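Asker: Mind looking over this structure? Questions follow.
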Number of protein chains: 2
Amino acid sequence: MTELRQLSLNAFIYPSGHHEAAWRHPWSRPDRIYDVRYYQEIGRTAEAAKLDAVFFADGPALRTEVKHNAASGLEPITLLTAIATATTHLGLIATASTTYYEPYNLARLFSTLDHISGGRAGWNIVTTGTDLAAANFGLDSHPDHAERYARAREFVDAVVALWDSWEDDAIVLDRESGVYADTDKIHRIDFAGAYLKVRGPFNAPRTPQGRPVLVQAGASNEGRAFAGKYAEAIFTAHQRLEDAQAFYADIKAKAREFGRTPDQVKILPGISPFIADTEAGAKRLEREFNELTVPEYGLKQLEGLANTSLRHLDLDEPIPLELFSDAGDVTDNDRSRRQVVAGIVQRERPTVRGLLHRLAGARGHRVFAGTPEQVADTIEEWFRDGAADGFNVMPPYYPGGLEVFAESVVPILQRRGIFRTEYTGTTLRDHFGLTRPESGFAQQPALAR
Amino acid sequence: MTELRQLSLNAFIYPSGHHEAAWRHPWSRPDRIYDVRYYQEIGRTAEAAKLDAVFFADGPALRTEVKHNAASGLEPITLLTAIATATTHLGLIATASTTYYEPYNLARLFSTLDHISGGRAGWNIVTTGTDLAAANFGLDSHPDHAERYARAREFVDAVVALWDSWEDDAIVLDRESGVYADTDKIHRIDFAGAYLKVRGPFNAPRTPQGRPVLVQAGASNEGRAFAGKYAEAIFTAHQRLEDAQAFYADIKAKAREFGRTPDQVKILPGISPFIADTEAGAKRLEREFNELTVPEYGLKQLEGLANTSLRHLDLDEPIPLELFSDAGDVTDNDRSRRQVVAGIVQRERPTVRGLLHRLAGARGHRVFAGTPEQVADTIEEWFRDGAADGFNVMPPYYPGGLEVFAESVVPILQRRGIFRTEYTGTTLRDHFGLTRPESGFAQQPALAR
């Protein structure tokens with residue numbers, strides 16, 4: 001029996017898989033991560049399972065850890081375009097930075113993706129957490145957190161105005177009279193902020209979704225306020241139900257503060273499931289992946305979070321509690337990840353190696369090893385208990401990790417009536433249950449145009 | 001019999017066709033210009049005819065003439081990605097601006113297109129001719145010609161260095177030892193110019209072509225020097241054989257001055273062919289299109305070139321000679337187009353309407369109305385007589401105008417042995433006969449890295 005409220009499920013694509021050692025495991029295909037058909041096949045798997053969307057992370061800099069990890073670096077909007085042509089319903093969400101792009105250029109890329117895909121584009125708005133990017137864009141240093149968010153607010157306002165600048169009925173296409181567009185329905189946006197000035201109008205019509213879906217992932221105070229105001233979907237990382245519930249309540253409250261309907265903000269925590277026929281088998285699989293990690297790689301990541309060298313530590317001794325006692329101030333880039341790590345250290349008192357293994361799965365996102373029923377249970381629990389509107393599924397390895405989720409977990413959720421068995425719409429907004437926004441310019445009386 | 005030297009032929013895609021009134025003609029499909037399948041079908045037509053590439057123009061601003069013309073405004077790299085997935089051999093060339101992009105972002109888009117397409121990407125480098133773009137990027141005015149070219153030189157140097165920054169064998173992918181990449185073969189570029197600073201390294205490996213093909217279209221003195229130094233293919237506009245010959249000789253000489261082999265610079269004039277079984281039929285077809293033009297639209301374009309109002313002119317009186325007597329100085333954006341118009345005015349003494357019709361076909365590019373044999377003859381003449389290495393084919397209307405060229409003209413050129421009957425390679429470099437450049441970093445001795 002289908003219930004009214006339905007789960008949203010995205011497949012978060014990471015070339016060889018979300019586990020940092022996935023590329024070393026025989027089930028992954030690091031040899032195919034520059035082959036577009038590989039991503040198209042993943043997209044088709046996600047669509048066959050009726051998932052809402054696929055999602056790519058991104059950053060405009062080389063991660064220094066490339067020595068031990070297979071990141072692809074391919075530009076995600078281009079990649080999603082290729083997936084768009086291999087699918088018909090699947091949503092397509094790309095991460096892109098407001099700090100290192102120009103609004104007009106980025107608005108065009110997402111608009112084109114939305115046109116090409118028939119209304120399936122989403123933009124995961126980030127301000128870019130790494131200072132490696134700055135030097136690739138002529139900056140001496142990465143702008144600080146507050147400045148990045150101030151620019152981000154202007155950026156999103158400008159991009160939305162550009163997307164809105166052609167009213168939905170601006171194209172007339174009257175061959176007889178020779179009028180293609182009604183230029184009274186195409187507007188300059190005259191955006192002028194402290195960081196950005198954009199005149200417009202945009203150079204393409206409004207897209208099938210009106211606006212691509214706005215997604216956001218920041219968990220700092222400023223990130224949450226930003227999310228409450230703009231985000232239509234939020235990707236978040238929580239290890240425990242109670243933390244997820246608190247975040248969920250906070251964001252829904254913030255959305256209300258901004259005069260928005262809370263169900264127009266979907267909250268989607270990450271979950272990285274190791275799945276096997278038995279719980280013991282799933283945990284064995286997780287261990288198998290953990291044993292492939294390169295400690296040098298994990299330590300480097302952890303040093304970045306701890307802001308100190310950890311080379312002197314014995315891998316098999318407990319991690320010193322004080323290393324993560326300070327969660328950092330609220331404007332800190334890595335605050336949310338550091339909080340997750342601090343929680344693990346305090347609750348579980350792991351060895352250094354144990355902590356590295358805990359983080360190897362999905363960079364601080366929740367790893368869950370169990371049977372298909374157990375994975376479905378935890379998804380349902382979070383969904384019913386005010387912790388999630390759905391999940392960003394982060395398969396530890398690709399492509400098999402998504403396939404096993406699609407074949408074993410999705411049917412259980414469908415039988416329980418909380419996940420669709422067929423798409424009921426064609427756009428990402430349809431899948432997420434989001435309304436199509438009217439153009440901001442359409443609401444102006446004609447004389448004020 | 002196949003000759004050694006072969007023509008290159010691109011299809012220059014313009015949504016409804018290159019004739020400005022094409023969208024009003026029943027043979028065009030302006031209703032499909034936001035439908036990705038429309039472009040994929042055009043790509044398949046071009047590939048079935050064994051053309052070298054398809055090509056898109058672009059600019060980051062709305063052309064003010066949208067009232068009377070159906071430009072799509074879709075972002076071309078995204079669009080070419082969609083065409084890439086529908087084809088296997090066809091080259092894919094997109095225009096992008098060095099004035100209004102960041103090198104790291106643009107390098108990623110073209111790199112990804114080259115990866116996705118298996119080595120078929122080309123970048124038509126422009127500095128953007130219109131001052132409409134400036135206001136979309138926070139600038140009070142469009143940078144002047146010299147400044148744009150100075151930035152363009154830095155931009156291309158930085159982008160090429162980024163593409164080169166992973167040596168071809170940087171990926172090790174040794175699952176056993178846990179080493180994915182040899183970081184000694186991944187280089188910072190440390191580019192520091194007057195306009196741009198880019199540290200690198202790039203975040204993706206070298207592409208199938210090593211570097212996407214560099215294409216250029218500027219005909220000013222600075223444009224020509226730029227082309228001589230960087231361009232591997234040049235799109236150019238000439239009405240007459242002798243002008244094309246002079247340009248051809250000049251560019252090949254400039255390439256030599258920069259120490260390059262002249263045959264590594266392909267010169268491809270535009271040609272917009274109206275094709276029919278009889279010459280009279282072809283000319284009738286051209287007239288049919290010309291009669292659909294909206295004079296208000298054409299006059300606006302012409303006013304931009306003449307830098308003066310033309311509304312007072314009688315459409316059926318001769319165009320005043322003095323309007324285009326001054327070709328403008330060498331740093332003028334519109335100089336090459338103004339020269340073309342001045343040539344037409346002086347040689348042909350057209351009426352205002354007659355000039356508007358002459359320019360309606362392909363914005364100053366050569367329009368040729370004739371039988372398939374006649375079109376093939378003029379292509380062969382320019383190719384043999386030192387005026388062209390091939391052509392940028394600009395069908396007056398899409399999709400039919402390309403189909404008739406593919407079905408009627410291409411077979412004649414093939415029978416004459418000057419155009420391939422099968423692809424002999426898989427990359428755009430293969431089609432154009434361009435060598436695959438080695439990475440600039442690979443040529444450094446190991447110690448200097």
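Chain identifiers are assigned as A, B, and so on, following the order in which chains appear in the structure tokens; residues are numbered from 1 within each chain, and ligands are numbered from 1 in order of appearance.
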Tell me the residues of chain B close to chain A, meaning within 7 Å using only C-alpha atoms, as JSON, numbers by chain.
Answerer: {"B": [24, 34, 35, 36, 61, 62, 66, 67, 68, 69, 70, 72, 73, 74, 75, 78, 81, 82, 85, 104, 108, 109, 112, 115, 116, 135, 136, 137, 138, 175, 178, 179, 180, 181, 182, 183, 196, 197, 198, 199, 200, 201, 202, 203, 204, 294]}
Asker: Need to verify the contact set: A:Gly354, 12 Å, only C-alpha atoms, exclusion of same-chain residues closer than 5 positions in sequence. Can you return it as a ChimeraX atom specification?
Answerer: /A:287,290-291,293,295,298-299,314-319,341,344-345,348-349,359-361
Asker: Interatomic distance between atom CA of B:Ile93 and atom CA of B:Lys185?
Answerer: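 So the two atoms, atom CA of B:Ile93 and atom CA of B:Lys185, lie 28.9 Å apart.
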Asker: Please run DSSP on the backbone and report, as a count of residues only, all residues within stretch 134-342 of chain A that come out as strand (DSSP E or B).
Answerer: 34
Asker: Take atom CA of B:His187 and atom CA of B:Ala255 and report the distance between them in Å, one decimal.
Answerer: 28.7 Å
Asker: Enumerate the residues of stretch 49-118 of chain A with a DSSP assignment of alpha helix (DSSP H), computed from the backbone, and present them as a list in words.
Answerer: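 In stretch 49-118 of chain A, DSSP puts these residues in alpha helix (DSSP H): Pro76, Ile77, Thr78, Leu79, Leu80, Thr81, Ala82, Ile83, Ala84, Pro103, Tyr104, Asn105, Leu106, Ala107, Arg108, Leu109, Phe110, Ser111, Thr112, Leu113, Asp114, His115, Ile116 and Ser117 of chain A.
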Asker: Could you pull the residues within 9 Å of B:Ile13, counting only C-alpha atoms, minus those fewer than 2 positions along the same chain, as number ranges by chain?
Answerer: B: 11, 15-18, 39, 42, 54-57, 393-395, 398
